[in-house]
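Enquirer: First the structure, then my questions, so here it is.
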Amino acid sequence: MAVSQIRSFLSGRFGAEARVTQLDVDFDRTPLAVRTVVIAPRSRAESNALLQTDLSDRLGRPVALRVDQVLLDPGAGAVEAQRAELRQANDAVARDIGKANGVAGLVALAAGVAPDAVTIDRDHQRVTATAAILPGAELATYGALERRTANSIEGWQVALVPPISQLPVISFADNIDTLDAPAREAVLLSAWAARRWNSPQLTVPGFQSEMPEKPVLSQRRALAIAALLKQQGITAIAAPPAGQSFRLAVTNQMDR
């Protein structure tokens with residue numbers, strides 16, 4: 001439905017003589033990412049910023065719109081329009097390939113691997129690499145590398161998969177069942193690693209699938225961790241209590 005609305009909107013703005021081609025809509029991104037090529041008379045040129053604002057209003061949601069406008073002089077025939085469309089398409093592909101190669105190079109450098117070991121999804125602007133074991137690097141090091149790389153590549157989603165290792169220690173103060181800043185960071189780092197390892201769940205010491213009406217200290221701590229994990233899309237799995245300092249673990253790490 002949204003694709004039809006977008007095509008109708010663009011056709012209306014550029015006029016009956018215009019052609020809307022290569023309309024790509026990425027519904028997984030926020031704001032909604034729309035890329036298209038429009039072939040139109042030169043007199044119907046439009047401001048991309050204004051189009052983006054008006055389309056956002058039309059759809060009732062934020063939109064990141066990129067319109068490559070191929071503007072033809074009066075009297076241009078169908079053959080010329082087709083040639084212009086082909087040139088525009090070839091130029092767009094060349095730009096995308098060049099940018100994707102640059103992105104792959106940056107991610108490869110961060111991951112310590114060769115560029116051909118990086119997986120690029122140009123359609124959805126996602127890039128993934130499994131990081132090499134870096135001497136002295138901790139799990140937090142890989143998380144920081146991913147964030148730094150993502151910040152340097154505008155518009156791309158970066159996933160740096162760290163080597164399998166123990167998750168960070170989560171520590172509670174004496175008789176305290178809330179997460180302080182370091183403990184919270186350790187839980188968030190654990191959740192990030194679990195997502196990168198394609199593990200939708202983590203074992204949480206002290207957690208039970210059915211908690212008593214009045215949970216004891218270890219259970220209250222586990223509940224605090226489970227709540228934060230849930231916000232990150234990770235499910236807590238029951239495990240025996242382990243004191244006030246412990247690590248979470250993916251299920252296949254329990255025997256390691």
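Please note that chains go A, B, ... in the order of the structure tokens, that every chain numbers its residues from 1, and that ligands are numbered from 1 in the order shown.
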Counting only C-alpha atoms, what is within 9 Å of range 46-49 of chain A, bar same-chain residues fewer than 5 positions away, as a list in words?
Expert: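 With the cut-off at 9 Å, the set is Arg13, Phe14, Asp54, Leu65, Arg66, Val67, Asp68 and Gln69 of chain A.
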Enquirer: Please identify all polymer residues within 6 Å of range 148-160 of chain A, counting only C-alpha atoms, omitting same-chain residues fewer than 4 positions from it, and present them as an NGL selection string.
Expert: :A and (125-130)
Enquirer: Once you have the residues from the selection above, write them out as a PDB file, in the first residue's frame, restricted to N, CA and C atoms.
Expert:
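Final file, out13.pdb:
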ATOM      1  N   GLN A 125      21.736  -1.736   2.778  1.00  0.00           N
ATOM      2  CA  GLN A 125      22.852  -0.990   3.367  1.00  0.00           C
ATOM      3  C   GLN A 125      23.254  -1.576   4.731  1.00  0.00           C
ATOM      4  N   ARG A 126      23.517  -2.867   4.720  1.00  0.00           N
ATOM      5  CA  ARG A 126      23.981  -3.576   5.909  1.00  0.00           C
ATOM      6  C   ARG A 126      25.327  -4.214   5.610  1.00  0.00           C
ATOM      7  N   VAL A 127      26.198  -4.195   6.567  1.00  0.00           N
ATOM      8  CA  VAL A 127      27.525  -4.782   6.390  1.00  0.00           C
ATOM      9  C   VAL A 127      27.882  -5.577   7.638  1.00  0.00           C
ATOM     10  N   THR A 128      28.398  -6.790   7.423  1.00  0.00           N
ATOM     11  CA  THR A 128      28.700  -7.702   8.526  1.00  0.00           C
ATOM     12  C   THR A 128      30.076  -8.312   8.336  1.00  0.00           C
ATOM     13  N   ALA A 129      30.800  -8.451   9.445  1.00  0.00           N
ATOM     14  CA  ALA A 129      32.106  -9.115   9.395  1.00  0.00           C
ATOM     15  C   ALA A 129      32.345  -9.838  10.714  1.00  0.00           C
ATOM     16  N   THR A 130      32.958 -11.001  10.626  1.00  0.00           N
ATOM     17  CA  THR A 130      33.376 -11.732  11.825  1.00  0.00           C
ATOM     18  C   THR A 130      34.794 -11.304  12.158  1.00  0.00           C
TER      19      THR A 130
END
Enquirer: Using DSSP on the backbone, list every residue of range 123-190 of chain A that comes out as strand (DSSP E or B), and give them as a PyMOL selection string.
Expert: chain A and resi 126-130+157-161+169-171
Enquirer: Could you take the residues named above and write them with C-alpha atoms, as a compact mmCIF listing (two decimals), in the first residue's frame?
Expert:
# COMPACT_ATOMS: atom_id res chain seq x y z
CA ARG A 126 23.98 -3.58 5.91
CA VAL A 127 27.52 -4.78 6.39
CA THR A 128 28.70 -7.70 8.53
CA ALA A 129 32.11 -9.12 9.39
CA THR A 130 33.38 -11.73 11.82
CA GLN A 157 24.10 -0.70 9.59
CA VAL A 158 27.31 -2.30 10.85
CA ALA A 159 27.50 -5.66 12.63
CA LEU A 160 30.91 -6.76 13.91
CA VAL A 161 30.74 -10.33 15.22
CA VAL A 169 31.24 -9.94 35.04
CA ILE A 170 28.12 -8.36 36.54
CA SER A 171 28.62 -7.26 40.15
Enquirer: As a list in words, please: the residues near Gln208 in chain A (cut-off 8 Å, only C-alpha atoms, same-chain neighbours under 4 positions excluded).
Expert: Gln219, Ile237, Ala238 and Ala239 of chain A
Enquirer: Which residues are near Thr30 in chain A? Cut-off 10 Å, only C-alpha atoms, ignore same chain within fewer than 6 positions. Put them as number ranges by chain.
Expert: A: 61-64
